[in-house]
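Just coords22.cif here, mmCIF, C-alpha atoms and all ligand atoms:
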data_structure
loop_
_atom_site.label_atom_id
_atom_site.label_comp_id
_atom_site.auth_asym_id
_atom_site.auth_seq_id
_atom_site.Cartn_x
_atom_site.Cartn_y
_atom_site.Cartn_z
CA MET I 10 -23.50 15.88 -3.38
CA ASP I 11 -22.80 12.35 -2.19
CA THR I 12 -24.78 9.64 -3.95
CA PHE I 13 -25.42 5.94 -3.49
CA ASP I 14 -25.27 4.95 -7.14
CA ARG I 15 -21.59 4.02 -7.19
CA HIS I 16 -19.89 0.81 -6.28
CA VAL I 17 -16.73 0.02 -4.40
CA ARG I 18 -14.18 -2.62 -5.41
CA ALA I 19 -12.28 -4.07 -2.47
CA TRP I 20 -9.85 -6.90 -1.76
CA HIS I 21 -10.90 -9.00 1.25
CA ILE I 22 -8.86 -11.39 3.35
CA THR I 23 -9.51 -13.77 6.22
CA SER I 24 -6.75 -14.32 8.76
CA GLY I 25 -4.82 -17.47 7.90
CA ALA I 26 -6.34 -17.84 4.42
CA GLY I 27 -2.99 -17.10 2.77
CA ILE I 28 -2.27 -14.83 -0.16
CA ASP I 29 -4.45 -16.99 -2.43
CA GLY I 30 -7.31 -16.17 -0.04
CA LEU I 31 -7.32 -12.51 -1.15
CA THR I 32 -10.66 -12.02 -2.87
CA LEU I 33 -11.83 -9.06 -4.96
CA ARG I 34 -15.46 -8.07 -4.39
CA THR I 35 -17.80 -5.27 -5.45
CA HIS I 36 -20.09 -3.60 -2.90
CA GLU I 37 -22.60 -0.83 -2.89
CA GLU I 38 -20.98 2.38 -1.71
CA PRO I 39 -21.85 2.93 1.98
CA PRO I 40 -23.58 6.17 3.02
CA LEU I 41 -21.70 8.90 4.90
CA GLY I 42 -22.56 9.35 8.57
CA PRO I 43 -21.92 12.36 10.80
CA GLY I 44 -18.23 13.23 11.05
CA GLU I 45 -17.29 10.84 8.25
CA VAL I 46 -15.60 11.46 4.93
CA ARG I 47 -15.34 9.44 1.74
CA VAL I 48 -11.78 8.93 0.54
CA ALA I 49 -10.89 7.92 -3.01
CA VAL I 50 -7.91 5.69 -2.23
CA HIS I 51 -4.93 6.25 -4.56
CA ALA I 52 -2.27 4.01 -3.02
CA VAL I 53 -1.76 1.44 -0.28
CA SER I 54 1.50 -0.03 0.95
CA LEU I 55 2.41 -3.46 2.28
CA SER I 56 4.00 -4.00 5.68
CA PHE I 57 5.02 -7.19 7.45
CA ARG I 58 1.69 -7.13 9.29
CA GLU I 59 -0.13 -7.94 6.04
CA LEU I 60 1.90 -11.14 5.64
CA LEU I 61 1.17 -11.99 9.30
CA VAL I 62 -2.57 -11.48 8.70
CA ALA I 63 -2.43 -13.73 5.61
CA ARG I 64 -0.55 -16.37 7.62
CA GLY I 65 -2.93 -16.15 10.61
CA GLN I 66 -0.08 -14.92 12.86
CA TYR I 67 -1.03 -11.29 13.51
CA VAL I 68 -0.92 -10.40 17.19
CA LEU I 69 -4.17 -8.35 17.22
CA PRO I 70 -7.66 -9.62 16.36
CA VAL I 71 -8.70 -9.70 12.69
CA LYS I 72 -12.38 -9.91 11.71
CA PRO I 73 -13.30 -12.49 9.08
CA ASP I 74 -13.35 -11.29 5.48
CA VAL I 75 -11.90 -7.90 6.40
CA ILE I 76 -10.96 -5.41 3.67
CA ALA I 77 -7.19 -5.87 3.63
CA ILE I 78 -4.25 -3.55 4.43
CA SER I 79 -3.91 -0.90 7.09
CA ASP I 80 -1.84 1.66 5.20
CA GLY I 81 -3.26 3.89 2.50
CA ALA I 82 -3.51 7.43 1.19
CA GLY I 83 -6.03 9.17 -1.00
CA GLU I 84 -8.19 12.19 -1.70
CA VAL I 85 -11.27 13.28 0.24
CA VAL I 86 -14.17 13.30 -2.25
CA ALA I 87 -17.15 13.94 0.04
CA ALA I 88 -17.74 15.06 3.62
CA GLY I 89 -20.68 13.95 5.77
CA PRO I 90 -22.70 16.08 8.20
CA ASN I 91 -20.55 17.86 10.82
CA ALA I 92 -17.29 16.85 9.17
CA GLU I 93 -15.06 19.88 9.61
CA ARG I 94 -11.42 18.76 9.55
CA PHE I 95 -11.29 17.96 5.82
CA ARG I 96 -12.89 19.12 2.56
CA PRO I 97 -13.18 17.49 -0.87
CA GLY I 98 -9.84 17.75 -2.65
CA ASP I 99 -7.73 17.32 0.51
CA ARG I 100 -4.92 14.76 0.28
CA VAL I 101 -4.97 12.51 3.35
CA VAL I 102 -3.41 9.46 5.00
CA ALA I 103 -5.34 7.11 7.28
CA THR I 104 -4.10 6.32 10.79
CA LEU I 105 -3.77 2.63 11.62
CA PHE I 106 -5.61 3.01 14.95
CA PRO I 107 -8.47 5.41 14.08
CA ASP I 108 -9.48 5.92 17.75
CA TRP I 109 -5.98 6.55 19.09
CA LEU I 110 -5.74 10.31 18.81
CA ASP I 111 -3.29 11.11 21.60
CA GLY I 112 -1.98 9.88 24.93
CA PRO I 113 -1.25 6.26 25.77
CA LEU I 114 -2.66 3.23 23.97
CA THR I 115 -5.77 1.96 25.80
CA PRO I 116 -8.09 -1.01 25.04
CA GLU I 117 -10.70 1.36 23.52
CA ARG I 118 -8.06 2.70 21.11
CA LEU I 119 -7.02 -0.73 19.77
CA PRO I 120 -9.42 -1.22 16.80
CA GLN I 121 -7.21 -1.12 13.70
CA LEU I 122 -7.64 -0.82 9.95
CA GLY I 123 -7.14 -4.08 8.10
CA GLY I 124 -7.78 -5.92 11.40
CA THR I 125 -10.89 -5.41 13.47
CA LEU I 126 -11.92 -2.64 11.03
CA ASP I 127 -12.03 -2.69 7.24
CA GLY I 128 -8.77 -1.56 5.68
CA MET I 129 -7.60 0.50 2.72
CA LEU I 130 -7.30 -1.96 -0.20
CA ALA I 131 -10.44 -0.60 -1.85
CA ASP I 132 -11.02 2.08 -4.45
CA SER I 133 -13.08 4.07 -1.95
CA VAL I 134 -13.43 3.99 1.83
CA VAL I 135 -15.56 5.79 4.41
CA LEU I 136 -13.69 6.80 7.56
CA PRO I 137 -14.31 9.06 10.53
CA GLU I 138 -12.43 12.24 9.70
CA GLN I 139 -10.61 11.99 13.03
CA ALA I 140 -8.85 8.92 11.55
CA LEU I 141 -7.02 10.99 8.93
CA VAL I 142 -4.02 13.29 8.80
CA PRO I 143 -3.00 15.54 5.90
CA ALA I 144 -0.53 13.86 3.54
CA PRO I 145 2.89 15.59 3.55
CA SER I 146 2.73 18.11 0.70
CA HIS I 147 5.94 16.92 -1.02
CA MET I 148 4.93 13.26 -1.18
CA SER I 149 3.06 11.30 -3.84
CA TYR I 150 0.17 9.16 -2.61
CA ALA I 151 2.42 6.11 -2.97
CA GLU I 152 5.01 7.69 -0.67
CA ALA I 153 2.42 8.91 1.83
CA ALA I 154 0.89 5.41 1.96
CA THR I 155 4.11 4.13 3.59
CA LEU I 156 3.68 6.33 6.66
CA PRO I 157 0.92 4.90 8.93
CA CYS I 158 2.68 1.70 10.05
CA ALA I 159 6.35 1.74 9.05
CA ALA I 160 7.25 5.40 9.47
CA LEU I 161 5.15 6.06 12.57
CA THR I 162 6.51 2.96 14.31
CA ALA I 163 10.05 4.15 13.56
CA TRP I 164 9.24 7.65 14.87
CA ASN I 165 7.62 6.29 18.05
CA ALA I 166 10.57 3.94 18.61
CA LEU I 167 12.96 6.89 18.33
CA THR I 168 11.04 9.52 20.27
CA GLY I 169 8.00 8.06 22.05
CA ASP I 170 9.64 7.03 25.33
CA GLY I 171 9.78 10.58 26.70
CA ARG I 172 13.55 10.77 26.43
CA GLY I 173 14.05 10.43 22.68
CA VAL I 174 17.13 10.36 20.51
CA TYR I 175 19.39 13.35 20.57
CA SER I 176 22.36 14.67 18.66
CA GLY I 177 25.41 12.42 18.65
CA GLN I 178 23.72 9.33 20.08
CA THR I 179 24.27 5.98 18.37
CA VAL I 180 21.16 4.19 17.14
CA VAL I 181 21.08 0.69 15.65
CA MET I 182 18.44 -0.54 13.19
CA LEU I 183 18.10 -4.22 12.33
CA GLY I 184 17.59 -4.99 8.65
CA SER I 185 16.62 -2.72 5.79
CA GLY I 186 12.84 -3.22 5.92
CA GLY I 187 10.11 -0.59 5.93
CA VAL I 188 10.45 0.36 9.61
CA SER I 189 14.25 0.34 9.56
CA SER I 190 14.67 2.35 6.38
CA TRP I 191 12.32 5.04 7.72
CA ALA I 192 14.18 4.89 11.06
CA VAL I 193 17.53 5.51 9.36
CA GLN I 194 16.23 8.73 7.84
CA LEU I 195 14.37 9.90 10.94
CA ALA I 196 17.33 9.16 13.23
CA LYS I 197 19.58 11.17 10.90
CA ALA I 198 17.03 13.98 11.12
CA CYS I 199 17.65 13.83 14.91
CA ASP I 200 21.41 14.08 14.18
CA ALA I 201 22.13 10.59 15.53
CA ARG I 202 24.94 8.30 14.42
CA VAL I 203 23.14 5.50 12.58
CA PHE I 204 24.19 1.86 12.30
CA VAL I 205 22.17 -0.69 10.31
CA THR I 206 22.55 -4.44 10.08
CA THR I 207 21.64 -6.22 6.89
CA GLY I 208 21.73 -9.76 5.61
CA SER I 209 21.85 -8.54 2.02
CA SER I 210 25.22 -7.10 1.00
CA GLY I 211 23.65 -5.58 -2.12
CA LYS I 212 21.56 -3.26 0.09
CA ALA I 213 24.52 -1.64 1.87
CA ALA I 214 25.01 1.14 -0.66
CA ARG I 215 21.28 1.94 -0.63
CA LEU I 216 21.31 2.15 3.18
CA ARG I 217 24.26 4.53 3.06
CA GLU I 218 22.36 6.69 0.56
CA LEU I 219 19.52 6.91 3.10
CA GLY I 220 22.01 8.17 5.70
CA ALA I 221 23.44 5.11 7.46
CA ASP I 222 26.89 5.84 8.87
CA GLU I 223 27.79 2.17 9.27
CA VAL I 224 26.31 -0.93 7.64
CA ILE I 225 27.02 -4.19 9.47
CA ASP I 226 26.62 -7.80 8.25
CA ARG I 227 23.89 -9.40 10.38
CA HIS I 228 25.22 -12.89 9.64
CA GLY I 229 28.35 -12.02 11.60
CA ASP I 230 28.75 -11.07 15.28
CA TRP I 231 26.98 -7.72 14.84
CA PRO I 232 26.69 -6.87 18.58
CA SER I 233 30.50 -7.05 18.84
CA ALA I 234 30.82 -4.97 15.67
CA VAL I 235 28.61 -2.27 17.25
CA ARG I 236 30.75 -2.29 20.40
CA ALA I 237 33.93 -2.02 18.36
CA LEU I 238 32.57 0.88 16.30
CA THR I 239 31.60 2.75 19.48
CA GLY I 240 34.97 2.28 21.19
CA GLY I 241 33.48 -0.38 23.50
CA ARG I 242 30.70 1.86 24.85
CA GLY I 243 27.78 0.36 22.91
CA ALA I 244 24.71 1.88 21.27
CA ASP I 245 22.33 4.25 23.03
CA ARG I 246 19.29 2.76 21.33
CA VAL I 247 18.42 -0.35 19.31
CA LEU I 248 15.27 -0.60 17.22
CA ASP I 249 14.67 -4.35 17.43
CA THR I 250 12.52 -5.40 14.49
CA ALA I 251 14.15 -8.82 14.33
CA GLY I 252 13.17 -10.39 17.67
CA THR I 253 16.78 -10.63 18.87
CA VAL I 254 16.63 -8.85 22.24
CA PRO I 255 19.50 -10.85 23.83
CA ASP I 256 21.76 -9.73 20.97
CA SER I 257 20.43 -6.17 21.17
CA LEU I 258 21.33 -6.15 24.90
CA ARG I 259 24.85 -7.30 24.04
CA CYS I 260 25.48 -4.17 21.99
CA LEU I 261 23.69 -1.70 24.29
CA ALA I 262 25.44 1.06 26.25
CA LEU I 263 24.77 1.32 29.99
CA ASP I 264 21.32 2.86 30.57
CA GLY I 265 20.51 2.26 26.90
CA HIS I 266 17.09 1.76 25.32
CA ILE I 267 15.65 -1.07 23.25
CA ALA I 268 12.50 -0.40 21.26
CA LEU I 269 10.88 -3.82 20.93
CA ILE I 270 9.11 -3.69 17.58
CA GLY I 271 8.79 -7.12 16.02
CA ALA I 272 10.27 -10.46 15.11
CA VAL I 273 10.93 -10.88 11.41
CA SER I 274 13.20 -13.78 12.41
CA GLY I 275 9.99 -15.54 13.51
CA ASP I 276 11.52 -16.28 16.89
CA TRP I 277 11.55 -14.81 20.41
CA PRO I 278 14.57 -16.23 22.23
CA PRO I 279 14.29 -16.35 26.04
CA LEU I 280 15.39 -13.20 27.85
CA ASP I 281 17.60 -13.45 30.94
CA PRO I 282 16.60 -10.67 33.41
CA ARG I 283 20.22 -10.55 34.59
CA ALA I 284 21.20 -9.25 31.15
CA LEU I 285 18.75 -6.37 31.68
CA PHE I 286 20.33 -5.51 35.05
CA ALA I 287 23.83 -5.73 33.60
CA THR I 288 23.06 -2.89 31.18
CA ALA I 289 20.41 -1.04 33.24
CA ALA I 290 18.45 -1.28 30.01
CA THR I 291 14.97 -0.03 29.30
CA VAL I 292 12.97 -2.24 26.96
CA ARG I 293 9.83 -0.63 25.59
CA ALA I 294 7.33 -2.42 23.36
CA VAL I 295 6.16 -0.11 20.57
CA ALA I 296 2.69 -0.24 19.02
CA VAL I 297 2.79 2.03 15.95
CA GLY I 298 1.72 5.40 17.41
CA SER I 299 -1.05 7.93 17.96
CA ARG I 300 -2.42 10.53 15.56
CA ALA I 301 -0.68 13.25 17.56
CA GLN I 302 2.68 11.51 17.06
CA PHE I 303 1.83 11.10 13.35
CA GLU I 304 1.26 14.85 13.00
CA VAL I 305 4.55 15.75 14.68
CA MET I 306 6.38 13.22 12.49
CA ASN I 307 4.81 14.64 9.34
CA ALA I 308 6.08 18.10 10.26
CA VAL I 309 9.61 16.65 10.46
CA LEU I 310 9.17 14.82 7.14
CA GLU I 311 8.05 18.04 5.46
CA VAL I 312 10.86 20.18 6.85
CA GLN I 313 13.49 17.59 5.96
CA GLY I 314 11.88 16.65 2.62
CA LEU I 315 12.19 12.93 3.44
CA ARG I 316 10.79 10.21 1.14
CA PRO I 317 10.65 6.43 1.44
CA PRO I 318 12.44 4.11 -0.94
CA ILE I 319 9.85 2.33 -3.09
CA ALA I 320 10.78 -1.05 -4.56
CA ARG I 321 7.85 -1.63 -6.90
CA ILE I 322 4.32 -0.48 -7.59
CA PHE I 323 1.65 -2.98 -8.64
CA PRO I 324 -1.75 -2.18 -10.17
CA PHE I 325 -4.88 -2.72 -8.06
CA ASP I 326 -5.91 -5.88 -9.91
CA GLN I 327 -2.55 -7.49 -9.08
CA ALA I 328 -2.86 -7.37 -5.28
CA ARG I 329 -1.99 -11.05 -4.92
CA GLU I 330 1.11 -10.59 -7.10
CA ALA I 331 2.16 -7.64 -4.91
CA TYR I 332 1.89 -9.76 -1.74
CA ARG I 333 3.82 -12.63 -3.37
CA TYR I 334 6.57 -10.33 -4.61
CA TYR I 335 6.90 -8.77 -1.14
CA GLU I 336 6.98 -12.17 0.56
CA SER I 337 9.47 -13.86 -1.77
CA GLU I 338 11.82 -11.15 -3.06
CA ASN I 339 12.93 -9.36 0.16
CA PRO I 340 13.07 -6.11 -1.83
CA PHE I 341 14.77 -2.90 -0.76
CA GLY I 342 11.98 -0.33 -0.37
CA LYS I 343 8.26 -0.50 0.09
CA VAL I 344 5.87 -2.48 -2.07
CA VAL I 345 2.94 -0.30 -3.10
CA ILE I 346 -0.38 -1.06 -4.78
CA ALA I 347 -1.59 1.77 -7.01
CA VAL I 348 -5.34 1.91 -6.57
CA ARG I 349 -5.47 4.77 -9.10
CA PRO I 350 -2.99 5.30 -11.95
CA ASP I 351 -1.65 8.61 -10.61
CA ALA I 352 -0.55 7.00 -7.31
CA HIS I 353 3.09 8.02 -7.72
CA ALA I 354 2.58 11.34 -9.49
CA THR I 355 4.33 14.36 -8.01
CA PRO I 356 1.77 16.45 -6.10
CA HIS I 357 0.98 19.91 -7.51
N1 LIG H 401 5.16 -3.07 17.03
C1 LIG H 401 4.72 -2.36 15.99
O1 LIG H 401 3.97 -1.42 16.13
C2 LIG H 401 5.21 -2.73 14.63
C3 LIG H 401 4.96 -1.86 13.55
C4 LIG H 401 5.51 -2.17 12.31
C5 LIG H 401 6.24 -3.36 12.16
N2 LIG H 401 6.40 -4.19 13.21
C6 LIG H 401 7.19 -5.41 13.10
O2 LIG H 401 8.52 -5.02 12.78
C7 LIG H 401 9.10 -6.00 11.93
C8 LIG H 401 9.57 -5.31 10.66
O3 LIG H 401 8.45 -4.86 9.93
P1 LIG H 401 8.64 -4.23 8.49
O4 LIG H 401 7.27 -3.91 7.97
O5 LIG H 401 9.68 -3.19 8.53
O6 LIG H 401 9.21 -5.50 7.72
P2 LIG H 401 9.84 -5.61 6.29
O7 LIG H 401 9.75 -4.32 5.59
O8 LIG H 401 9.26 -6.81 5.64
O9 LIG H 401 11.40 -5.85 6.61
C9 LIG H 401 11.95 -7.08 6.69
C10 LIG H 401 13.48 -6.92 6.73
O10 LIG H 401 14.00 -7.54 7.88
C11 LIG H 401 15.29 -8.08 7.61
N3 LIG H 401 15.32 -9.48 8.06
C12 LIG H 401 14.70 -10.54 7.48
N4 LIG H 401 14.94 -11.65 8.19
C13 LIG H 401 15.70 -11.29 9.24
C14 LIG H 401 16.28 -12.00 10.33
N5 LIG H 401 16.13 -13.31 10.48
N6 LIG H 401 16.99 -11.29 11.24
C15 LIG H 401 17.16 -9.98 11.10
N7 LIG H 401 16.63 -9.24 10.08
C16 LIG H 401 15.92 -9.90 9.17
C17 LIG H 401 15.52 -7.98 6.10
O11 LIG H 401 16.45 -6.93 5.86
P3 LIG H 401 17.85 -7.24 5.18
O12 LIG H 401 17.58 -7.90 3.86
O13 LIG H 401 18.50 -5.90 5.04
O14 LIG H 401 18.60 -8.13 6.14
C18 LIG H 401 14.13 -7.62 5.57
O15 LIG H 401 14.20 -6.76 4.46
C19 LIG H 401 8.03 -7.08 11.72
O16 LIG H 401 8.21 -8.10 12.68
C20 LIG H 401 6.73 -6.35 12.01
O17 LIG H 401 5.70 -7.21 12.44
C21 LIG H 401 5.89 -3.90 14.43
#

What would the structure in this file look like if it were written as structure tokens?
Ligand SMILES: NC(=O)c1ccc[n+]([C@@H]2O[C@H](COP(=O)([O-])OP(=O)(O)OC[C@H]3O[C@@H](n4cnc5c(N)ncnc54)[C@H](OP(=O)(O)O)[C@@H]3O)[C@@H](O)[C@H]2O)c1
Amino acid sequence: MDTFDRHVRAWHITSGAGIDGLTLRTHEEPPLGPGEVRVAVHAVSLSFRELLVARGQYVLPVKPDVIAISDGAGEVVAAGPNAERFRPGDRVVATLFPDWLDGPLTPERLPQLGGTLDGMLADSVVLPEQALVPAPSHMSYAEAATLPCAALTAWNALTGDGRGVYSGQTVVMLGSGGVSSWAVQLAKACDARVFVTTGSSGKAARLRELGADEVIDRHGDWPSAVRALTGGRGADRVLDTAGTVPDSLRCLALDGHIALIGAVSGDWPPLDPRALFATAATVRAVAVGSRAQFEVMNAVLEVQGLRPPIARIFPFDQAREAYRYYESENPFGKVVIAVRPDAHATPH
């Protein structure tokens, strides 16, 4: 029986208010409507988007005083009228775009958690059940919480263009962040040859453990290094999380593919259309992915037994410390906030 006598603790943020603007508040628990479920959140994970929201630089709209963070996992504790996909006790992950179930991204499918909709940095949330997928059975809540943005973006960048990566192709990831480190593992699952650039020499061994075949210094001439390592041919696909499309084009094979994902460098250098013609390149902007893509990816994660690297887990009350650590330390692996103490326990 769902009751109204409990309260919810949630961290709120306003776009541009900075990490110090994160504010912990207590609310009355909202009622459950038709098709909705209540989820006891166990873990959330930080992605670059959360820093962009704090800095007022996120590309999509953010409502004032939103409950922060798009990515979280938890347990269904109550189901509203007509909710049929999930039952209390189910372990679930929220999708970043709750209305994007399948097909292409459309304006109606753009509302996003931790943006125009309240996010997951709360001890309990109410969501339409359509906005959830089952958590992979081998993952802790902390691991599952890394999937909605980082992993799904990597999966979409590798497979969502209709052609996809296939065995023996060369794929380049830029940096060792959340998207890239998931992409390394997922591209290996597709039997690709995987190159990763990094600015941190200490991360090379960790990237090789994840499956990288070659780790390249990004402070050097990495496009030439990619060409040399492919006998001059170039890479079939580059996952550009850095905002360096001209460089990505320099290392691309003829008829290659660039998944345009982000700009951690903070810059978008001008793009010469002649460089596109010279490589007959396809450049596709990626926006996370749909629930249908999420479900296919989770099947791959289960079969392969893949897990994300996790750098550090902070308790719920230290959300600001988690953001600051993520922003300043450039860690290898995801930064997670444990909303409940068992966030990283092995599932039964
Ligand atoms: N379009 C979408 O749907 C979508 C979804 C998710 C993320 N994104 C975007 O993708 C980017 C990565 O996100 P994320 O969550 O994976 O970030 P992240 O986990 O914070 O990763 C950042 C990593 O990028 C590398 N890096 C830092 N500065 C760099 C520079 N100047 N040039 C090249 N690499 C640099 C670093 O790796 P090393 O220390 O190894 O060098 C760093 O660890 C962000 O721009 C984000 O907004 C877009």

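Proximity ranking of I:Ser56, I:Ser210, I:Ser257, I:Ser149 relative to ligand LIG 401 (chain H) places I:Ser56 first, based on all atoms listed in the file.
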
Can I get the residues close to ligand LIG 401 (chain H) as a ChimeraX atom specification, where close means within 7 Å and we count all atoms listed in the file?
/I:56-58,158-159,162,183-189,206-209,212,227,250-251,269-274,294-297,339-341,343

Would you export the selected residues with C-alpha atoms as a PDB file, in the coordinates of the input, please?
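Written out: part13.pdb:
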ATOM      1  CA  SER I  56       4.000  -4.000   5.680  1.00  0.00           C
ATOM      2  CA  PHE I  57       5.020  -7.190   7.450  1.00  0.00           C
ATOM      3  CA  ARG I  58       1.690  -7.130   9.290  1.00  0.00           C
ATOM      4  CA  CYS I 158       2.680   1.700  10.050  1.00  0.00           C
ATOM      5  CA  ALA I 159       6.350   1.740   9.050  1.00  0.00           C
ATOM      6  CA  THR I 162       6.510   2.960  14.310  1.00  0.00           C
ATOM      7  CA  LEU I 183      18.100  -4.220  12.330  1.00  0.00           C
ATOM      8  CA  GLY I 184      17.590  -4.990   8.650  1.00  0.00           C
ATOM      9  CA  SER I 185      16.620  -2.720   5.790  1.00  0.00           C
ATOM     10  CA  GLY I 186      12.840  -3.220   5.920  1.00  0.00           C
ATOM     11  CA  GLY I 187      10.110  -0.590   5.930  1.00  0.00           C
ATOM     12  CA  VAL I 188      10.450   0.360   9.610  1.00  0.00           C
ATOM     13  CA  SER I 189      14.250   0.340   9.560  1.00  0.00           C
ATOM     14  CA  THR I 206      22.550  -4.440  10.080  1.00  0.00           C
ATOM     15  CA  THR I 207      21.640  -6.220   6.890  1.00  0.00           C
ATOM     16  CA  GLY I 208      21.730  -9.760   5.610  1.00  0.00           C
ATOM     17  CA  SER I 209      21.850  -8.540   2.020  1.00  0.00           C
ATOM     18  CA  LYS I 212      21.560  -3.260   0.090  1.00  0.00           C
ATOM     19  CA  ARG I 227      23.890  -9.400  10.380  1.00  0.00           C
ATOM     20  CA  THR I 250      12.520  -5.400  14.490  1.00  0.00           C
ATOM     21  CA  ALA I 251      14.150  -8.820  14.330  1.00  0.00           C
ATOM     22  CA  LEU I 269      10.880  -3.820  20.930  1.00  0.00           C
ATOM     23  CA  ILE I 270       9.110  -3.690  17.580  1.00  0.00           C
ATOM     24  CA  GLY I 271       8.790  -7.120  16.020  1.00  0.00           C
ATOM     25  CA  ALA I 272      10.270 -10.460  15.110  1.00  0.00           C
ATOM     26  CA  VAL I 273      10.930 -10.880  11.410  1.00  0.00           C
ATOM     27  CA  SER I 274      13.200 -13.780  12.410  1.00  0.00           C
ATOM     28  CA  ALA I 294       7.330  -2.420  23.360  1.00  0.00           C
ATOM     29  CA  VAL I 295       6.160  -0.110  20.570  1.00  0.00           C
ATOM     30  CA  ALA I 296       2.690  -0.240  19.020  1.00  0.00           C
ATOM     31  CA  VAL I 297       2.790   2.030  15.950  1.00  0.00           C
ATOM     32  CA  ASN I 339      12.930  -9.360   0.160  1.00  0.00           C
ATOM     33  CA  PRO I 340      13.070  -6.110  -1.830  1.00  0.00           C
ATOM     34  CA  PHE I 341      14.770  -2.900  -0.760  1.00  0.00           C
ATOM     35  CA  LYS I 343       8.260  -0.500   0.090  1.00  0.00           C
TER      36      LYS I 343
END

Around (34.2, 6.9, 21.6), as given in the file, which residues come within 12 Å? Count only C-alpha atoms and list them as an MDAnalysis selection string.
chainID I and resid 177:179 202 235:244 262

Pick from I:Leu60, I:Arg100, I:Arg18, I:Glu37 nearest to I:Ser337, counting all atoms listed in the file
I:Leu60

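One distance worth recording is that between atom CA of I:Pro279 and atom CA of I:Val292, which is 14.2 Å.
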
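The two atoms in question, atom CA of I:Ala196 and atom CA of I:Met306, are spaced 11.7 Å apart.
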
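Residues surrounding I:Val75 within 8 Å are I:His21, I:Ile22, I:Thr23, I:Gly123, I:Gly124, I:Thr125, I:Leu126, I:Asp127, I:Gly128 [all atoms listed in the file; sequence separation below 5 positions excluded].
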
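Residue nearest I:Val53, chosen from I:Gly171, I:Gly81, I:Pro143, I:Gly220 and counting all atoms listed in the file: I:Gly81.
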
Fewer than 2 positions away in the same chain doesn't count, so skip those; otherwise give me all residues within 12 Å of I:Asp281, counting all atoms listed in the file, as a PDB file with C-alpha atoms, in the coordinates of the input.
ATOM      1  CA  VAL I 254      16.630  -8.850  22.240  1.00  0.00           C
ATOM      2  CA  PRO I 255      19.500 -10.850  23.830  1.00  0.00           C
ATOM      3  CA  ASP I 256      21.760  -9.730  20.970  1.00  0.00           C
ATOM      4  CA  LEU I 258      21.330  -6.150  24.900  1.00  0.00           C
ATOM      5  CA  ARG I 259      24.850  -7.300  24.040  1.00  0.00           C
ATOM      6  CA  PRO I 278      14.570 -16.230  22.230  1.00  0.00           C
ATOM      7  CA  PRO I 279      14.290 -16.350  26.040  1.00  0.00           C
ATOM      8  CA  ARG I 283      20.220 -10.550  34.590  1.00  0.00           C
ATOM      9  CA  ALA I 284      21.200  -9.250  31.150  1.00  0.00           C
ATOM     10  CA  LEU I 285      18.750  -6.370  31.680  1.00  0.00           C
ATOM     11  CA  PHE I 286      20.330  -5.510  35.050  1.00  0.00           C
ATOM     12  CA  ALA I 287      23.830  -5.730  33.600  1.00  0.00           C
ATOM     13  CA  THR I 288      23.060  -2.890  31.180  1.00  0.00           C
TER      14      THR I 288
END

Show me the residues around (7.9, 5.1, 22.4) - criterion: an atom at most 8 Å away, all atoms listed in the file counted - as a short mmCIF file (atom, residue, chain, number, x, y, z; two decimals) with C-alpha atoms, keeping the file's coordinate frame.
data_model
loop_
_atom_site.label_atom_id
_atom_site.label_comp_id
_atom_site.auth_asym_id
_atom_site.auth_seq_id
_atom_site.Cartn_x
_atom_site.Cartn_y
_atom_site.Cartn_z
CA ASN I 165 7.62 6.29 18.05
CA ALA I 166 10.57 3.94 18.61
CA LEU I 167 12.96 6.89 18.33
CA THR I 168 11.04 9.52 20.27
CA GLY I 169 8.00 8.06 22.05
CA ASP I 170 9.64 7.03 25.33
CA GLY I 171 9.78 10.58 26.70
CA ALA I 268 12.50 -0.40 21.26
CA ARG I 293 9.83 -0.63 25.59
CA ALA I 294 7.33 -2.42 23.36
CA VAL I 295 6.16 -0.11 20.57
CA GLY I 298 1.72 5.40 17.41
#

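The closest residue to I:Ile225, picked from I:Tyr334, I:Phe204, I:Phe106, I:Trp277 and counting only C-alpha atoms, is I:Phe204.
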
Nearest residue to I:Trp164 from the set I:Leu219, I:Leu33, I:Ala192, I:Ala290 (distances using all atoms listed in the file):
I:Ala192
